[in-house]
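So this one's structure_15.txt, compact mmCIF, C-alpha atoms:
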# COMPACT_ATOMS: atom_id res chain seq x y z
CA PRO A 1 16.84 8.20 -17.69
CA LEU A 2 14.53 5.21 -17.39
CA PRO A 3 16.69 2.11 -16.68
CA THR A 4 14.72 0.03 -19.16
CA MET A 5 14.51 2.66 -21.92
CA ALA A 6 16.50 0.48 -24.32
CA GLN A 7 13.99 -2.35 -23.86
CA TRP A 8 11.11 0.08 -24.30
CA GLN A 9 12.63 1.27 -27.56
CA ASP A 10 13.02 -2.33 -28.78
CA VAL A 11 9.36 -3.04 -28.04
CA ALA A 12 8.29 0.21 -29.73
CA ASN A 13 10.36 -0.53 -32.84
CA SER A 14 9.00 -4.06 -33.08
CA PHE A 15 5.45 -2.81 -32.68
CA ALA A 16 5.89 -0.22 -35.43
CA GLN A 17 7.34 -2.81 -37.79
CA ASN A 18 4.44 -5.22 -37.29
CA ASP A 19 1.44 -2.94 -36.81
CA PRO A 20 -0.51 -2.34 -40.03
CA GLU A 21 -1.08 1.37 -39.37
CA VAL A 22 1.85 2.60 -37.29
CA ASN A 23 5.12 3.63 -38.90
CA ALA A 24 6.92 4.76 -35.77
CA VAL A 25 6.43 5.12 -32.00
CA THR A 26 8.06 8.10 -30.30
CA LEU A 27 8.88 7.48 -26.65
CA THR A 28 9.37 10.37 -24.22
CA GLN A 29 9.64 10.54 -20.45
CA ILE A 30 7.01 12.99 -19.26
CA PRO A 31 8.36 15.67 -16.92
CA PRO A 32 6.78 15.08 -13.50
CA GLU A 33 5.72 18.72 -13.22
CA MET A 34 3.76 18.68 -16.51
CA PRO A 35 0.03 19.29 -15.82
CA ASP A 36 -2.53 16.75 -17.03
CA ASN A 37 -4.03 19.03 -19.67
CA GLU A 38 -0.61 19.55 -21.23
CA VAL A 39 0.17 15.83 -21.11
CA THR A 40 -3.00 14.96 -23.00
CA THR A 41 -2.50 17.64 -25.63
CA THR A 42 1.15 16.63 -26.18
CA TYR A 43 0.91 12.82 -26.21
CA ASP A 44 -1.52 10.40 -27.83
CA CYS A 45 -1.22 7.97 -24.94
CA TYR A 46 0.87 7.67 -21.81
CA PHE A 47 1.84 5.38 -18.95
CA GLU A 48 1.54 6.56 -15.36
CA ALA A 49 3.11 4.71 -12.45
CA ASN A 50 1.26 4.61 -9.14
CA VAL A 51 -2.01 6.15 -10.19
CA GLY A 52 -3.54 7.88 -7.20
CA THR A 53 -7.14 7.81 -6.10
CA ALA A 54 -7.81 10.98 -8.14
CA LEU A 55 -7.77 10.44 -11.91
CA PRO A 56 -7.21 13.35 -14.30
CA ASP A 57 -10.19 15.35 -15.50
CA LEU A 58 -12.17 12.75 -17.44
CA SER A 59 -12.71 15.19 -20.33
CA LEU A 60 -8.98 14.82 -21.04
CA LEU A 61 -9.15 11.04 -21.41
CA ARG A 62 -10.60 8.51 -23.82
CA ASN A 63 -13.15 6.08 -22.39
CA LEU A 64 -11.63 2.62 -22.82
CA ASP A 65 -14.87 0.63 -22.67
CA PRO A 66 -15.35 0.59 -26.48
CA PHE A 67 -11.86 -0.95 -26.80
CA VAL A 68 -12.05 -3.60 -24.09
CA ASP A 69 -15.55 -4.57 -25.20
CA ILE A 70 -14.21 -5.83 -28.54
CA ASP A 71 -10.83 -7.03 -27.27
CA ALA A 72 -10.85 -10.84 -27.24
CA THR A 73 -7.80 -10.87 -24.94
CA TRP A 74 -9.46 -8.73 -22.24
CA ASP A 75 -10.49 -11.00 -19.39
CA ILE A 76 -11.50 -9.50 -16.06
CA SER A 77 -11.17 -12.94 -14.43
CA ASP A 78 -7.45 -12.75 -15.29
CA LEU A 79 -7.08 -9.32 -13.68
CA ILE A 80 -5.53 -9.58 -10.22
CA GLY A 81 -7.96 -8.07 -7.77
CA GLY A 82 -10.70 -8.17 -10.40
CA ALA A 83 -13.39 -5.58 -9.79
CA MET A 84 -11.41 -4.15 -6.83
CA THR A 85 -8.60 -3.19 -9.21
CA LEU A 86 -10.92 -1.88 -11.92
CA ARG A 87 -12.64 0.33 -9.35
CA LEU A 88 -9.41 2.33 -9.03
CA LEU A 89 -9.55 3.17 -12.74
CA GLU A 90 -13.30 3.54 -13.19
CA ARG A 91 -15.36 6.67 -12.83
CA GLU A 92 -18.97 7.34 -13.80
CA GLY A 93 -19.42 3.69 -14.75
CA ALA A 94 -16.63 3.69 -17.35
CA LEU A 95 -13.02 2.49 -17.55
CA TRP A 96 -10.43 5.25 -18.17
CA GLY A 97 -7.10 3.52 -17.58
CA TYR A 98 -5.70 0.15 -18.68
CA PRO A 99 -4.09 -1.64 -15.70
CA ILE A 100 -0.47 -2.62 -16.24
CA ASN A 101 1.09 -3.23 -12.81
CA LEU A 102 0.26 -3.34 -9.12
CA LYS A 103 2.44 -2.15 -6.25
CA PRO A 104 1.28 -3.83 -3.02
CA ASP A 105 1.73 -2.30 0.42
CA ILE A 106 3.43 -4.98 2.47
CA LEU A 107 5.34 -5.76 5.63
CA ARG A 108 9.02 -6.65 5.65
CA TYR A 109 10.36 -8.77 8.46
CA HIS A 110 13.97 -9.11 9.62
CA SER A 111 14.63 -12.79 8.94
CA ASP A 112 17.61 -12.96 11.33
CA ILE A 113 15.66 -11.44 14.23
CA PHE A 114 12.73 -13.77 13.60
CA ARG A 115 15.02 -16.81 13.45
CA ASP A 116 16.99 -15.84 16.55
CA ASN A 117 13.74 -15.45 18.52
CA GLY A 118 12.25 -18.72 17.31
CA LEU A 119 9.55 -16.99 15.28
CA ALA A 120 8.03 -18.59 12.19
CA SER A 121 8.31 -16.83 8.86
CA PRO A 122 5.12 -14.95 7.91
CA ALA A 123 6.07 -14.91 4.21
CA ASN A 124 3.10 -17.09 3.23
CA GLY A 125 0.63 -15.24 5.42
CA TRP A 126 -0.28 -14.99 9.09
CA THR A 127 -3.23 -14.22 11.32
CA TYR A 128 -3.68 -11.17 13.52
CA THR A 129 -3.31 -13.43 16.56
CA GLN A 130 0.05 -14.67 15.25
CA PHE A 131 1.09 -11.08 14.56
CA MET A 132 0.25 -10.09 18.13
CA ASP A 133 2.16 -13.10 19.46
CA VAL A 134 5.21 -11.97 17.50
CA LEU A 135 4.98 -8.44 18.89
CA THR A 136 4.67 -9.89 22.39
CA VAL A 137 7.93 -11.77 21.94
CA LEU A 138 9.72 -8.86 20.30
CA GLY A 139 8.47 -6.37 22.87
CA SER A 140 9.34 -8.50 25.86
CA GLY A 141 12.97 -7.46 26.07
CA GLN A 142 14.35 -10.56 24.37
CA THR A 143 15.59 -8.41 21.52
CA ASP A 144 17.07 -4.93 21.25
CA SER A 145 15.24 -4.26 17.99
CA THR A 146 12.31 -1.94 17.51
CA PRO A 147 9.40 -4.36 17.13
CA PHE A 148 7.40 -2.59 14.41
CA SER A 149 8.18 0.64 12.57
CA PRO A 150 5.55 1.84 10.06
CA PHE A 151 7.03 3.74 7.14
CA GLY A 152 5.15 6.20 4.98
CA ASP A 153 1.39 6.45 5.53
CA ALA A 154 1.22 5.25 9.14
CA ASN A 155 -2.52 5.92 9.28
CA GLN A 156 -3.09 3.44 6.44
CA SER A 157 -1.00 0.77 8.16
CA LEU A 158 -2.86 1.23 11.44
CA ARG A 159 -6.27 1.15 9.76
CA MET A 160 -5.33 -2.11 8.03
CA LEU A 161 -4.26 -3.64 11.34
CA ILE A 162 -7.49 -2.41 12.94
CA ALA A 163 -9.41 -4.22 10.20
CA ALA A 164 -7.55 -7.44 10.96
CA ALA A 165 -8.31 -6.83 14.65
CA GLY A 166 -12.02 -6.75 13.90
CA SER A 167 -13.34 -3.50 12.45
CA LEU A 168 -13.43 -1.54 9.20
CA LEU A 169 -13.32 2.09 10.25
CA ILE A 170 -13.94 2.95 6.61
CA ASP A 171 -15.67 0.28 4.52
CA TYR A 172 -14.30 0.81 1.02
CA ARG A 173 -16.59 -1.81 -0.50
CA THR A 174 -19.58 0.53 -0.56
CA THR A 175 -20.32 3.67 -2.59
CA PRO A 176 -20.07 6.04 -0.90
CA VAL A 177 -17.76 4.47 1.64
CA THR A 178 -19.31 3.56 4.99
CA ILE A 179 -18.02 5.50 7.99
CA GLN A 180 -18.09 3.52 11.25
CA PHE A 181 -15.60 4.91 13.75
CA THR A 182 -17.66 4.53 16.94
CA THR A 183 -19.31 1.11 16.92
CA PRO A 184 -18.26 -1.07 19.87
CA GLU A 185 -16.27 -3.24 17.46
CA ALA A 186 -14.53 -0.17 16.01
CA VAL A 187 -13.58 1.25 19.39
CA ASN A 188 -12.32 -2.09 20.72
CA ALA A 189 -10.26 -2.93 17.62
CA THR A 190 -8.85 0.60 17.43
CA ARG A 191 -7.87 0.53 21.09
CA ASN A 192 -6.25 -2.88 20.62
CA VAL A 193 -3.97 -1.57 17.88
CA LEU A 194 -3.31 1.96 19.11
CA ASP A 195 -2.37 0.72 22.58
CA LEU A 196 0.57 -1.03 20.90
CA ALA A 197 1.75 2.42 19.81
CA ARG A 198 1.04 3.87 23.24
CA ASN A 199 3.19 1.15 24.79
CA GLY A 200 6.06 1.62 22.36
CA VAL A 201 5.65 -1.72 20.56
CA ILE A 202 4.67 0.12 17.37
CA ARG A 203 6.86 3.13 16.67
CA TYR A 204 4.70 6.22 16.29
CA VAL A 205 5.43 9.88 15.76
CA GLU A 206 2.82 12.58 15.42
CA ILE A 207 1.26 12.35 12.00
CA ASP A 208 1.86 15.52 10.03
CA SER A 209 -1.09 17.90 9.93
CA MET A 210 -0.82 18.15 6.16
CA MET A 211 -1.08 14.35 5.83
CA PHE A 212 1.90 14.26 3.53
CA ASP A 213 3.74 12.46 6.27
CA ARG A 214 6.25 9.93 5.13
CA MET A 215 7.03 8.49 8.53
CA PRO A 216 10.73 7.62 8.48
CA ILE A 217 12.21 4.37 9.61
CA GLY A 218 13.69 4.93 13.05
CA GLY A 219 14.35 3.47 16.45
CA GLY A 220 17.27 1.24 15.52
CA VAL A 221 16.87 -1.79 13.31
CA PRO A 222 13.16 -2.73 13.29
CA ALA A 223 12.03 -6.33 13.26
CA LEU A 224 9.10 -5.31 11.06
CA TYR A 225 8.37 -2.32 8.88
CA THR A 226 5.92 -1.36 6.17
CA ASP A 227 7.02 -0.94 2.58
CA GLU A 228 5.90 -1.00 -1.04
CA TYR A 229 6.73 -4.06 -3.13
CA GLY A 230 8.42 -2.62 -6.19
CA LEU A 231 10.43 0.40 -7.21
CA GLY A 232 10.43 3.27 -4.76
CA GLY A 233 10.36 1.20 -1.59
CA VAL A 234 12.55 1.64 1.44
CA GLY A 235 15.44 -0.45 0.13
CA VAL A 236 18.30 -1.69 2.30
CA LEU A 237 18.27 -0.13 5.77
CA PRO A 238 21.51 1.20 7.29
CA GLY A 239 23.25 -1.38 9.43
CA THR A 240 21.61 -4.37 7.77
CA ARG A 241 22.78 -6.80 5.13
CA GLU A 242 21.10 -6.93 1.76
CA ASN A 243 18.07 -9.22 1.56
CA VAL A 244 17.84 -9.67 5.36
CA TYR A 245 14.32 -8.23 5.15
CA GLU A 246 11.83 -10.50 3.42
CA PRO A 247 8.30 -9.63 2.30
CA ALA A 248 5.10 -10.66 4.04
CA PRO A 249 1.46 -9.65 3.66
CA PHE A 250 -0.43 -7.82 6.38
CA PRO A 251 -1.98 -10.17 8.94
CA THR A 252 -5.53 -11.38 8.45
CA GLY A 253 -8.39 -11.61 10.92
CA ILE A 254 -12.10 -10.96 10.65
CA TYR A 255 -11.14 -9.01 7.53
CA THR A 256 -8.21 -9.49 5.18
CA PRO A 257 -6.77 -6.01 4.58
CA ALA A 258 -4.94 -5.20 1.36
CA SER A 259 -3.69 -2.02 -0.23
CA TYR A 260 -1.97 -1.37 -3.53
CA THR A 261 -1.54 1.27 -6.17
CA VAL A 262 -2.07 0.64 -9.86
CA SER A 263 0.16 1.67 -12.74
CA ALA A 264 -1.92 2.20 -15.85
CA ALA A 265 -1.93 3.51 -19.40
CA PHE A 266 -4.28 6.21 -20.68
CA ILE A 267 -5.35 7.48 -24.09
CA SER A 268 -5.78 11.20 -24.69
CA ALA A 269 -9.23 12.36 -25.69
CA GLU A 270 -7.48 14.43 -28.39
CA SER A 271 -5.57 11.54 -29.94
CA LEU A 272 -6.18 10.94 -33.63
CA TYR A 273 -4.93 7.36 -33.22
CA PRO A 274 -6.80 5.87 -30.25
CA GLU A 275 -7.01 2.37 -31.77
CA ALA A 276 -3.25 2.29 -32.39
CA CYS A 277 -2.67 3.53 -28.86
CA TYR A 278 -4.80 0.74 -27.46
CA ARG A 279 -2.90 -1.87 -29.45
CA PHE A 280 0.42 -0.50 -28.17
CA ILE A 281 -0.87 -0.43 -24.59
CA THR A 282 -1.95 -4.06 -24.72
CA THR A 283 1.45 -4.93 -26.19
CA ILE A 284 3.47 -3.35 -23.38
CA ALA A 285 1.16 -4.92 -20.79
CA THR A 286 2.55 -8.34 -21.73
CA ARG A 287 6.21 -7.26 -21.72
CA GLN A 288 7.14 -7.50 -18.06
CA GLU A 289 10.84 -6.94 -18.74
CA LEU A 290 9.87 -3.26 -19.02
CA PHE A 291 8.70 -3.08 -15.41
CA ALA A 292 9.88 -3.92 -11.91
CA GLU A 293 6.45 -4.37 -10.36
CA MET A 294 3.74 -6.99 -10.07
CA PRO A 295 1.88 -7.66 -13.33
CA ALA A 296 -1.78 -6.71 -13.25
CA PHE A 297 -2.78 -9.94 -14.95
CA ARG A 298 -2.56 -13.40 -13.39
CA SER A 299 -1.50 -15.08 -16.64
CA LEU A 300 1.73 -13.04 -16.56
CA LEU A 301 2.85 -13.97 -13.04
CA ASN A 302 5.09 -16.77 -14.28
CA ASN A 303 6.69 -14.66 -16.99
CA PRO A 304 10.37 -15.71 -17.18
CA ALA A 305 11.37 -12.04 -17.08
CA ILE A 306 10.16 -11.95 -13.44
CA PRO A 307 12.66 -13.20 -10.82
CA LEU A 308 11.55 -16.36 -9.03
CA VAL A 309 11.52 -14.68 -5.61
CA ASP A 310 9.07 -12.10 -6.95
CA GLN A 311 6.91 -14.77 -8.60
CA THR A 312 6.60 -16.51 -5.22
CA PHE A 313 5.41 -13.40 -3.41
CA TYR A 314 3.12 -12.37 -6.25
CA ALA A 315 1.39 -15.77 -6.04
CA THR A 316 0.90 -15.30 -2.28
CA TYR A 317 -0.52 -11.82 -2.76
CA ASP A 318 -2.79 -12.90 -5.60
CA ALA A 319 -4.21 -15.67 -3.37
CA LEU A 320 -4.81 -13.12 -0.61
CA LEU A 321 -6.82 -10.89 -2.95
CA THR A 322 -9.11 -13.77 -3.89
CA GLN A 323 -10.27 -14.32 -0.31
CA PRO A 324 -13.96 -13.43 0.19
CA ASP A 325 -13.19 -11.28 3.26
CA THR A 326 -10.50 -9.20 1.53
CA VAL A 327 -11.01 -5.44 1.60
CA VAL A 328 -8.83 -3.19 -0.55
CA PHE A 329 -8.06 0.07 1.22
CA GLN A 330 -8.49 2.33 -1.77
CA THR A 331 -11.32 4.44 -3.07
CA GLY A 332 -11.88 6.98 -5.79
CA GLU A 333 -14.32 8.89 -3.58
CA LYS A 334 -13.50 12.57 -3.47
CA GLY A 335 -12.95 13.57 0.09
CA ALA A 336 -11.55 10.28 1.34
CA PHE A 337 -8.35 12.07 2.28
CA ALA A 338 -10.44 14.22 4.63
CA TYR A 339 -11.69 11.11 6.44
CA HIS A 340 -8.08 10.01 6.79
CA TYR A 341 -7.06 13.42 8.11
CA TRP A 342 -9.71 13.33 10.82
CA LEU A 343 -8.60 9.82 11.79
CA ASP A 344 -4.97 11.02 11.83
CA ARG A 345 -5.99 13.72 14.26
CA ALA A 346 -7.89 11.24 16.43
CA PHE A 347 -4.93 8.83 16.51
CA ASN A 348 -2.58 11.66 17.48
CA ALA A 349 -4.90 12.76 20.26
CA TYR A 350 -5.20 9.28 21.73
CA ILE A 351 -1.60 8.08 21.37
CA ILE A 352 0.36 11.25 22.01
CA ASN A 353 -1.97 13.45 24.06
CA ASP A 354 -3.64 10.70 26.12
CA GLY A 355 -7.07 11.68 24.82
CA ASP A 356 -10.27 9.73 25.39
CA LEU A 357 -10.62 7.33 22.46
CA GLU A 358 -14.42 7.38 22.21
CA THR A 359 -14.43 11.18 22.27
CA VAL A 360 -11.83 11.68 19.54
CA LEU A 361 -13.35 8.99 17.32
CA THR A 362 -16.80 10.54 17.72
CA GLU A 363 -15.47 13.93 16.61
CA ALA A 364 -13.80 12.35 13.56
CA GLU A 365 -16.94 10.39 12.68
CA ASN A 366 -19.20 13.44 12.98
CA ASN A 367 -16.95 15.38 10.61
CA ALA A 368 -16.84 12.54 8.08
CA LEU A 369 -20.61 11.97 8.12
CA SER A 370 -21.21 15.72 7.83
CA LEU A 371 -18.99 15.84 4.76
CA GLN A 372 -20.87 12.98 3.11
CA ALA A 373 -24.22 14.63 3.84
CA CYS A 374 -23.00 17.98 2.52
CA GLN A 375 -21.72 16.46 -0.72
CA ARG A 376 -24.96 14.55 -1.27
CA ASP A 377 -26.64 17.94 -1.59
CA GLY A 378 -24.25 18.85 -4.40
CA THR A 379 -22.33 21.44 -2.39
CA ASP A 380 -18.76 22.14 -3.49
CA PHE A 381 -16.24 20.00 -1.61
CA TRP A 382 -14.23 22.87 -0.17
CA ALA A 383 -17.36 24.77 0.78
CA CYS A 384 -18.32 21.70 2.80
CA ILE A 385 -14.89 21.52 4.42
CA ARG A 386 -14.97 25.22 5.31
CA ALA A 387 -18.30 24.74 7.05
CA ILE A 388 -17.23 21.59 8.90
CA ASP A 389 -13.57 22.19 9.73
CA PRO A 390 -12.27 25.68 8.82
CA GLY A 391 -8.80 24.87 10.16
CA PHE A 392 -8.47 21.91 7.80
CA ALA A 393 -9.58 24.07 4.85
CA ALA A 394 -6.99 26.70 5.78
CA LEU A 395 -4.20 24.09 5.59
CA PHE A 396 -4.85 23.87 1.87
CA GLY A 397 -5.33 27.58 1.28
CA GLN A 398 -9.10 27.14 1.14
CA GLY A 399 -9.94 29.20 4.21
CA THR A 400 -12.15 31.65 2.35
CA GLY A 401 -14.57 31.25 -0.47
Would you give me this structure, written as structure tokens?
Amino acid sequence: PLPTMAQWQDVANSFAQNDPEVNAVTLTQIPPEMPDNEVTTTYDCYFEANVGTALPDLSLLRNLDPFVDIDATWDISDLIGGAMTLRLLEREGALWGYPINLKPDILRYHSDIFRDNGLASPANGWTYTQFMDVLTVLGSGQTDSTPFSPFGDANQSLRMLIAAAGSLLIDYRTTPVTIQFTTPEAVNATRNVLDLARNGVIRYVEIDSMMFDRMPIGGGVPALYTDEYGLGGVGVLPGTRENVYEPAPFPTGIYTPASYTVSAAFISAESLYPEACYRFITTIATRQELFAEMPAFRSLLNNPAIPLVDQTFYATYDALLTQPDTVVFQTGEKGAFAYHYWLDRAFNAYIINDGDLETVLTEAENNALSLQACQRDGTDFWACIRAIDPGFAALFGQGTG
């Protein structure tokens, strides 16, 4: 059961007592295996944690623009990440989900290892140069720890570091995204980061061909690892004391890389009570005792229900997202996972198989640009993939068609 279900029920009861049209709110935890079309025919509105880059079929959802347009409390300048956050919930020029929480992708550093090696805390931010200096110290034999151990989507972590090193392999700020794997800046920045993995400073295992890799923590007690800030993160590592790992943002350089998922609320297109749903959604958005993640709105960051240590990091992360050179590594573009797959394959070839970097990046770029060109002509996505990379299509059971 949801740990905060009692609080949810209190909020629902209070809402029903004070709303002019609602007599009762029925709360149910949606089974994770329930398909989207069944969710939207069963429930008037629903909350989804960690919304992915692919929203449900838009015909199942209610466009929220008519509601936010007349909502005096809606203020995009108060939304953390602003347009970058809205982009994750917008399709076809309309808003389909109401942002409730953010879950940033972060680094965690071992505070004892940093202290024992005379390294400054990166909790309030650091540059790519400072990050490299830290890895130099930690990889020099002065410590028995693994310097840096990416967890989860290692490709994402490496691409963010490559951005800080000087190049956006995928520029998520444009529509469609801009593919630039082979510029001199891209090759140099990629080599700079991937050589750390080649030399054992960054722990790296072959990225799974299905891309559902969740790279495990390994190699002893790492000095640094990647995590999500909120529920579902790594937690306390074996052999370490609680709270020894403290949060820090990714390093910054020519670009400031950031990545986060959004938790949001949606209204079913079939609901007979969309206005009441919207009022309930905006109510829960202000009740941060219901959640264990970063509020989506800046005005809620100092909510007393949020522990002080979380408030401190949230303020740091909010400031990072306001920087003019910040790039959020998320896109709603269909096919982005294919670009990531081809980069995964290139990284594997260079790090593990000693491949030529320019060659493997050129192959990945050609595939990505071919996919964009194919989709511009209106060709079905999987038909494009079958023509460009039949082996990739076969991984997903799309080898014929």
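Using only C-alpha atoms for every distance, the candidate list A:Phe313, A:Tyr273, A:Phe114, A:Tyr204 yields A:Tyr204 as the residue closest to A:Phe151.
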Hey, what's within 12 Å of A:Glu275 if we count only C-alpha atoms and toss same-chain stuff fewer than 2 positions away? As a compact mmCIF listing (two decimals) with C-alpha atoms, keeping the file's coordinate frame, please?
# COMPACT_ATOMS: atom_id res chain seq x y z
CA ASP A 19 1.44 -2.94 -36.81
CA PRO A 20 -0.51 -2.34 -40.03
CA GLU A 21 -1.08 1.37 -39.37
CA VAL A 22 1.85 2.60 -37.29
CA ASP A 44 -1.52 10.40 -27.83
CA CYS A 45 -1.22 7.97 -24.94
CA ARG A 62 -10.60 8.51 -23.82
CA ASN A 63 -13.15 6.08 -22.39
CA LEU A 64 -11.63 2.62 -22.82
CA PRO A 66 -15.35 0.59 -26.48
CA PHE A 67 -11.86 -0.95 -26.80
CA VAL A 68 -12.05 -3.60 -24.09
CA ILE A 70 -14.21 -5.83 -28.54
CA ASP A 71 -10.83 -7.03 -27.27
CA ILE A 267 -5.35 7.48 -24.09
CA SER A 268 -5.78 11.20 -24.69
CA ALA A 269 -9.23 12.36 -25.69
CA SER A 271 -5.57 11.54 -29.94
CA LEU A 272 -6.18 10.94 -33.63
CA TYR A 273 -4.93 7.36 -33.22
CA CYS A 277 -2.67 3.53 -28.86
CA TYR A 278 -4.80 0.74 -27.46
CA ARG A 279 -2.90 -1.87 -29.45
CA PHE A 280 0.42 -0.50 -28.17
CA ILE A 281 -0.87 -0.43 -24.59
CA THR A 282 -1.95 -4.06 -24.72
Close residues, stretch 303-310 of chain A itself excluded, 9 Å, all atoms listed in the file, min 4 positions apart in chain, as a list of chain:residue names:
A:Thr286, A:Arg287, A:Gln288, A:Glu289, A:Ala292, A:Glu293, A:Met294, A:Ser299, A:Tyr314, A:Ala315
Would you mind listing what lies within 9 Å of A:Gln156 as a list in words, with all atoms listed in the file counted and same-chain residues fewer than 3 positions away left out?
Gly152, Asp153, Arg159, Met160, Leu161, Ser259, Phe329 and His340 of chain A
Report as a Markdown table the residues of stretch 322-399 of chain A within 12 Å of stretch 194-203 of chain A, each with its shortest atom pair and distance in Å (one decimal), using only C-alpha atoms, ordered by chain and increasing residue number.
| residue | atom | partner | partner_atom | distance |
| --- | --- | --- | --- | --- |
| A:Leu343 | CA | A:Leu194 | CA | 12.0 |
| A:Asp344 | CA | A:Leu194 | CA | 11.7 |
| A:Ala346 | CA | A:Leu194 | CA | 10.7 |
| A:Phe347 | CA | A:Leu194 | CA | 7.5 |
| A:Asn348 | CA | A:Leu194 | CA | 9.9 |
| A:Ala349 | CA | A:Leu194 | CA | 11.0 |
| A:Tyr350 | CA | A:Leu194 | CA | 8.0 |
| A:Ile351 | CA | A:Arg198 | CA | 5.3 |
| A:Ile352 | CA | A:Arg198 | CA | 7.5 |
| A:Asn353 | CA | A:Arg198 | CA | 10.1 |
| A:Asp354 | CA | A:Arg198 | CA | 8.8 |
| A:Gly355 | CA | A:Arg198 | CA | 11.4 |
| A:Leu357 | CA | A:Leu194 | CA | 9.7 |
With 8 Å added on each side, what axis-aligned box encloses every listed atom of stretch 261-267 of chain A? Give the centre and edge lengths in Å to one decimal, as JSON.
{"center_x": -2.6, "center_y": 4.1, "center_z": -15.1, "size_x": 21.5, "size_y": 22.8, "size_z": 33.9}
